[in-house]
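Each remark here refers to the structure printed beneath this line.
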Amino acid sequence: NRRIVLASRPHGEPTPENLRLETGEVPQPAAGQALLRTVYLSLDPYMRGRMSDAPSYAPPVEVGGVMVAGAVSRVVASQHPDFTPGDWVLGSTGWQDYSLTDGSNVRNLGAHLKHPSRLLGVLGMPGFTAYMGLLDIGQPQPGETVVVAAASGAVGSVVGQVAKLKGCRVIGIAGGAEKCRYVREELKFDECIDHRADDFARLLAQACPNGIDVYFENVGGAVFDAVMPLLNARARIPVCGIIAQYNATALPSGPDRLPMLQALILRKRIRMQGFIIFDDYAPRFGEFLQQMETWVDQGHIKFREDIIDGLENAPQAFIGLLRGKNFGKLIVRVAAE
Ligand code: NDP
């Protein structure tokens, strides 16, 4: 049984030394337990927060503890009445080959599951985040301009496509020409701007001639600096993530923007609201899943998965996620289906 533990807390960008691969015996299920084989492991930006002991909405991973992750797994042995070998389960089982469950941390999905990896992306936590953040907090109206960064990623790709279904003009922001092309041509956003371009702020302004009504915040940092002057009166900003700041060890350079932001919020009556998806919206997961499955089946929502093979490659893939190396929902295939 291989597992990846937090070896030390990162300072700034995580390094391979912060994570350690350990090998041990495959555990055996006791009465009331089932043994799970991890098949697809989800890598997500929030894991950077769990590596740190700074105050957060969730407790950190202990040094020496297995890294947290959602995964889809299969039951391989069971001493639990609700689990049979061959069943698929979804739950928070961590960066490891095998785990034990008493049933409390996983949901049994039965023996037949057509597209297990989708439950980690478009039909799982990131898709749900996009759906609730955009619709409940963003409240997009037909004809409005919606802007979203990390637009080719798990959350951003769904935000923009749902906003298109609601009749909005949608501008994506992504890193590099290839991601921008995908966002425009495959996801059918109206425009996509490369945040690494020298004249990024000017290009964004040009793409938003009527200003911005909904800015779905995935990134923060320099992207938010460029968005601020374009915000319309009564704009809504669902604050979903600030990935540009997750590895920060110091305040951003330049003048303090807080007074400007507060003045803007006041003058333009802007509503900015953070949310933590399952803490705030868990009861609405069923509604989301039903709607999103329909949209995916009908071809209204496209998605892309970036699948890496091998648990041992998870640390590098995760470090890359915080640098924009992934292209689509980042998933590790730990074992064959
Ligand atoms: P993605 O699949 O979008 O991958 C992360 C992407 O972030 C990278 O590919 C990169 O895209 C972009 N990025 C990284 N660093 C920077 C930077 N410095 N400046 C600009 N862009 C950067 O990840 P997810 O879709 O899973 O997550 C998107 C956001 O949603 C994250 O902030 C995450 O924390 C947040 N989130 C929040 C939840 C909540 O409950 N509030 C739940 C789930 C996610 P590119 O190359 O295009 O720049």
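Going by the structure tokens order, chains are called A, B, ..., each with residues numbered from 1, while ligands are numbered from 1 in the order shown.
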
Do a neighbour search on Gly103 in chain A at 9 Å with only C-alpha atoms, toss out local chain neighbours closer than 4 positions, and write the hits as a PyMOL selection string. chain A and resi 32-34+80+82-83+107-108

The selected residues should be written to file as a PDB file, in the first residue's frame (atoms: C-alpha atoms).
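For reference, selection_19.pdb as written:
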ATOM      1  CA  GLY A  32     -17.962  -3.011  10.076  1.00  0.00           C
ATOM      2  CA  GLN A  33     -15.275  -1.919   7.596  1.00  0.00           C
ATOM      3  CA  ALA A  34     -14.648  -2.219   3.864  1.00  0.00           C
ATOM      4  CA  HIS A  80     -19.674  -4.113   6.142  1.00  0.00           C
ATOM      5  CA  ASP A  82     -23.664  -1.991   2.856  1.00  0.00           C
ATOM      6  CA  PHE A  83     -20.577  -2.675   0.729  1.00  0.00           C
ATOM      7  CA  ARG A 107     -21.061   7.201  -0.711  1.00  0.00           C
ATOM      8  CA  ASN A 108     -21.782   3.839  -2.342  1.00  0.00           C
TER       9      ASN A 108
END

Please identify the alpha helix (DSSP H) residues within range 300-329 of chain A (assignment by DSSP from backbone atoms) and present them as an NGL selection string. :A and (314-321)

Residues within 9 Å of range 162-173 of chain A, please, as a VMD selection string. Count only C-alpha atoms; anything in the same chain fewer than 6 positions from it doesn't count. chain A and resid 130 to 131 134 to 135 140 to 152 156 180 183 to 184 188 to 195 204 207 to 208 223 300 to 301

Please report, as a ChimeraX atom specification, each residue of range 34-88 of chain A to which DSSP assigns strand (DSSP E or B) when run on this structure's backbone. /A:34-42,66,70-78,88

Would you put the residues from that selection into a file with N, CA, C and O atoms, as a short mmCIF file (atom, residue, chain, number, x, y, z; two decimals), in the first residue's frame?
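Listing of out-v3.cif after writing:
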data_model
loop_
_atom_site.label_atom_id
_atom_site.label_comp_id
_atom_site.auth_asym_id
_atom_site.auth_seq_id
_atom_site.Cartn_x
_atom_site.Cartn_y
_atom_site.Cartn_z
N ALA A 34 -14.91 -1.71 5.21
CA ALA A 34 -14.65 -2.22 3.86
C ALA A 34 -13.28 -1.70 3.42
O ALA A 34 -12.86 -0.61 3.84
N LEU A 35 -12.61 -2.49 2.59
CA LEU A 35 -11.31 -2.07 2.03
C LEU A 35 -11.54 -1.52 0.62
O LEU A 35 -12.19 -2.16 -0.21
N LEU A 36 -11.00 -0.33 0.36
CA LEU A 36 -11.21 0.36 -0.91
C LEU A 36 -9.91 0.46 -1.68
O LEU A 36 -8.87 0.76 -1.11
N ARG A 37 -10.00 0.26 -3.01
CA ARG A 37 -8.87 0.47 -3.90
C ARG A 37 -9.12 1.79 -4.62
O ARG A 37 -10.13 1.93 -5.33
N THR A 38 -8.23 2.75 -4.45
CA THR A 38 -8.40 4.03 -5.14
C THR A 38 -8.22 3.85 -6.63
O THR A 38 -7.25 3.23 -7.07
N VAL A 39 -9.14 4.37 -7.43
CA VAL A 39 -9.01 4.29 -8.89
C VAL A 39 -8.66 5.66 -9.46
O VAL A 39 -7.63 5.85 -10.08
N TYR A 40 -9.52 6.65 -9.23
CA TYR A 40 -9.24 8.02 -9.67
C TYR A 40 -9.16 8.94 -8.45
O TYR A 40 -10.07 8.96 -7.63
N LEU A 41 -8.07 9.69 -8.40
CA LEU A 41 -7.82 10.60 -7.28
C LEU A 41 -7.88 12.03 -7.80
O LEU A 41 -7.27 12.34 -8.83
N SER A 42 -8.61 12.87 -7.11
CA SER A 42 -8.77 14.26 -7.54
C SER A 42 -7.68 15.14 -6.93
O SER A 42 -7.43 15.06 -5.73
N VAL A 66 -1.56 11.43 5.94
CA VAL A 66 -1.85 11.22 4.52
C VAL A 66 -2.53 12.47 3.97
O VAL A 66 -3.45 13.01 4.59
N GLY A 70 -10.45 13.84 -2.46
CA GLY A 70 -11.61 13.09 -2.88
C GLY A 70 -11.16 12.08 -3.93
O GLY A 70 -10.21 12.33 -4.69
N ALA A 71 -11.83 10.94 -3.99
CA ALA A 71 -11.45 9.92 -4.97
C ALA A 71 -12.65 9.02 -5.26
O ALA A 71 -13.56 8.91 -4.44
N VAL A 72 -12.62 8.38 -6.42
CA VAL A 72 -13.54 7.27 -6.66
C VAL A 72 -12.74 5.99 -6.55
O VAL A 72 -11.64 5.87 -7.11
N SER A 73 -13.28 5.06 -5.80
CA SER A 73 -12.57 3.82 -5.48
C SER A 73 -13.51 2.65 -5.70
O SER A 73 -14.71 2.83 -5.90
N ARG A 74 -12.94 1.43 -5.63
CA ARG A 74 -13.77 0.23 -5.68
C ARG A 74 -13.56 -0.59 -4.42
O ARG A 74 -12.44 -0.68 -3.89
N VAL A 75 -14.63 -1.18 -3.98
CA VAL A 75 -14.56 -2.05 -2.82
C VAL A 75 -13.84 -3.34 -3.25
O VAL A 75 -14.23 -3.95 -4.25
N VAL A 76 -12.80 -3.71 -2.50
CA VAL A 76 -12.11 -4.97 -2.83
C VAL A 76 -12.35 -6.06 -1.77
O VAL A 76 -12.19 -7.24 -2.06
N ALA A 77 -12.72 -5.66 -0.58
CA ALA A 77 -13.06 -6.65 0.46
C ALA A 77 -13.99 -5.96 1.43
O ALA A 77 -13.89 -4.75 1.62
N SER A 78 -14.92 -6.70 2.01
CA SER A 78 -15.89 -6.02 2.87
C SER A 78 -16.33 -6.87 4.04
O SER A 78 -16.59 -8.06 3.91
N TRP A 88 -18.58 0.68 -6.59
CA TRP A 88 -17.86 1.96 -6.70
C TRP A 88 -18.26 2.84 -5.53
O TRP A 88 -19.44 2.87 -5.16
#

Compile the contact shell of range 26-28 of chain A as a PDB file with C-alpha atoms, in the first residue's frame: residues with an atom at most 8 Å away, counting only C-alpha atoms, same-chain residues fewer than 3 positions apart removed.
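Once written, part-v8.pdb looks like this:
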ATOM      1  CA  ASN A   1       0.000   0.000   0.000  1.00  0.00           C
ATOM      2  CA  LEU A  35     -11.307  -2.074   2.032  1.00  0.00           C
ATOM      3  CA  TYR A  98      -5.962   1.539  -0.402  1.00  0.00           C
ATOM      4  CA  SER A  99      -8.069   2.845   2.444  1.00  0.00           C
ATOM      5  CA  LEU A 100     -10.495   1.483   5.007  1.00  0.00           C
TER       6      LEU A 100
END

Restricting the calculation to only C-alpha atoms: of A:Arg2, A:His115, A:Arg48, A:Arg234, which residue gets closest to Leu322 in chain A?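 Smallest separation from Leu322 in chain A among the options: A:Arg48.
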
Atom pair CA of Ile319 in chain A / CA of Asp306 in chain A: separation (Å):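 If I compute the distance from CA of Ile319 in chain A to CA of Asp306 in chain A, I get 14.2 Å.
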
Quick one: residues within 6 Å of Val214 in chain A, only C-alpha atoms counted, chain neighbours fewer than 3 positions away excluded, as a PyMOL selection string? chain A and resi 138+146+235-237

Using only C-alpha atoms and all ligand atoms for the distances, tell me which of A:Glu178, A:Asp199, A:Asp136, A:Asp102 is nearest to ligand 1. A:Glu178

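When only C-alpha atoms are used to compute distances to Ala69 in chain A, the closest of the residues A:Phe327, A:Tyr46, A:Tyr57, A:Phe303 turns out to be A:Tyr46.
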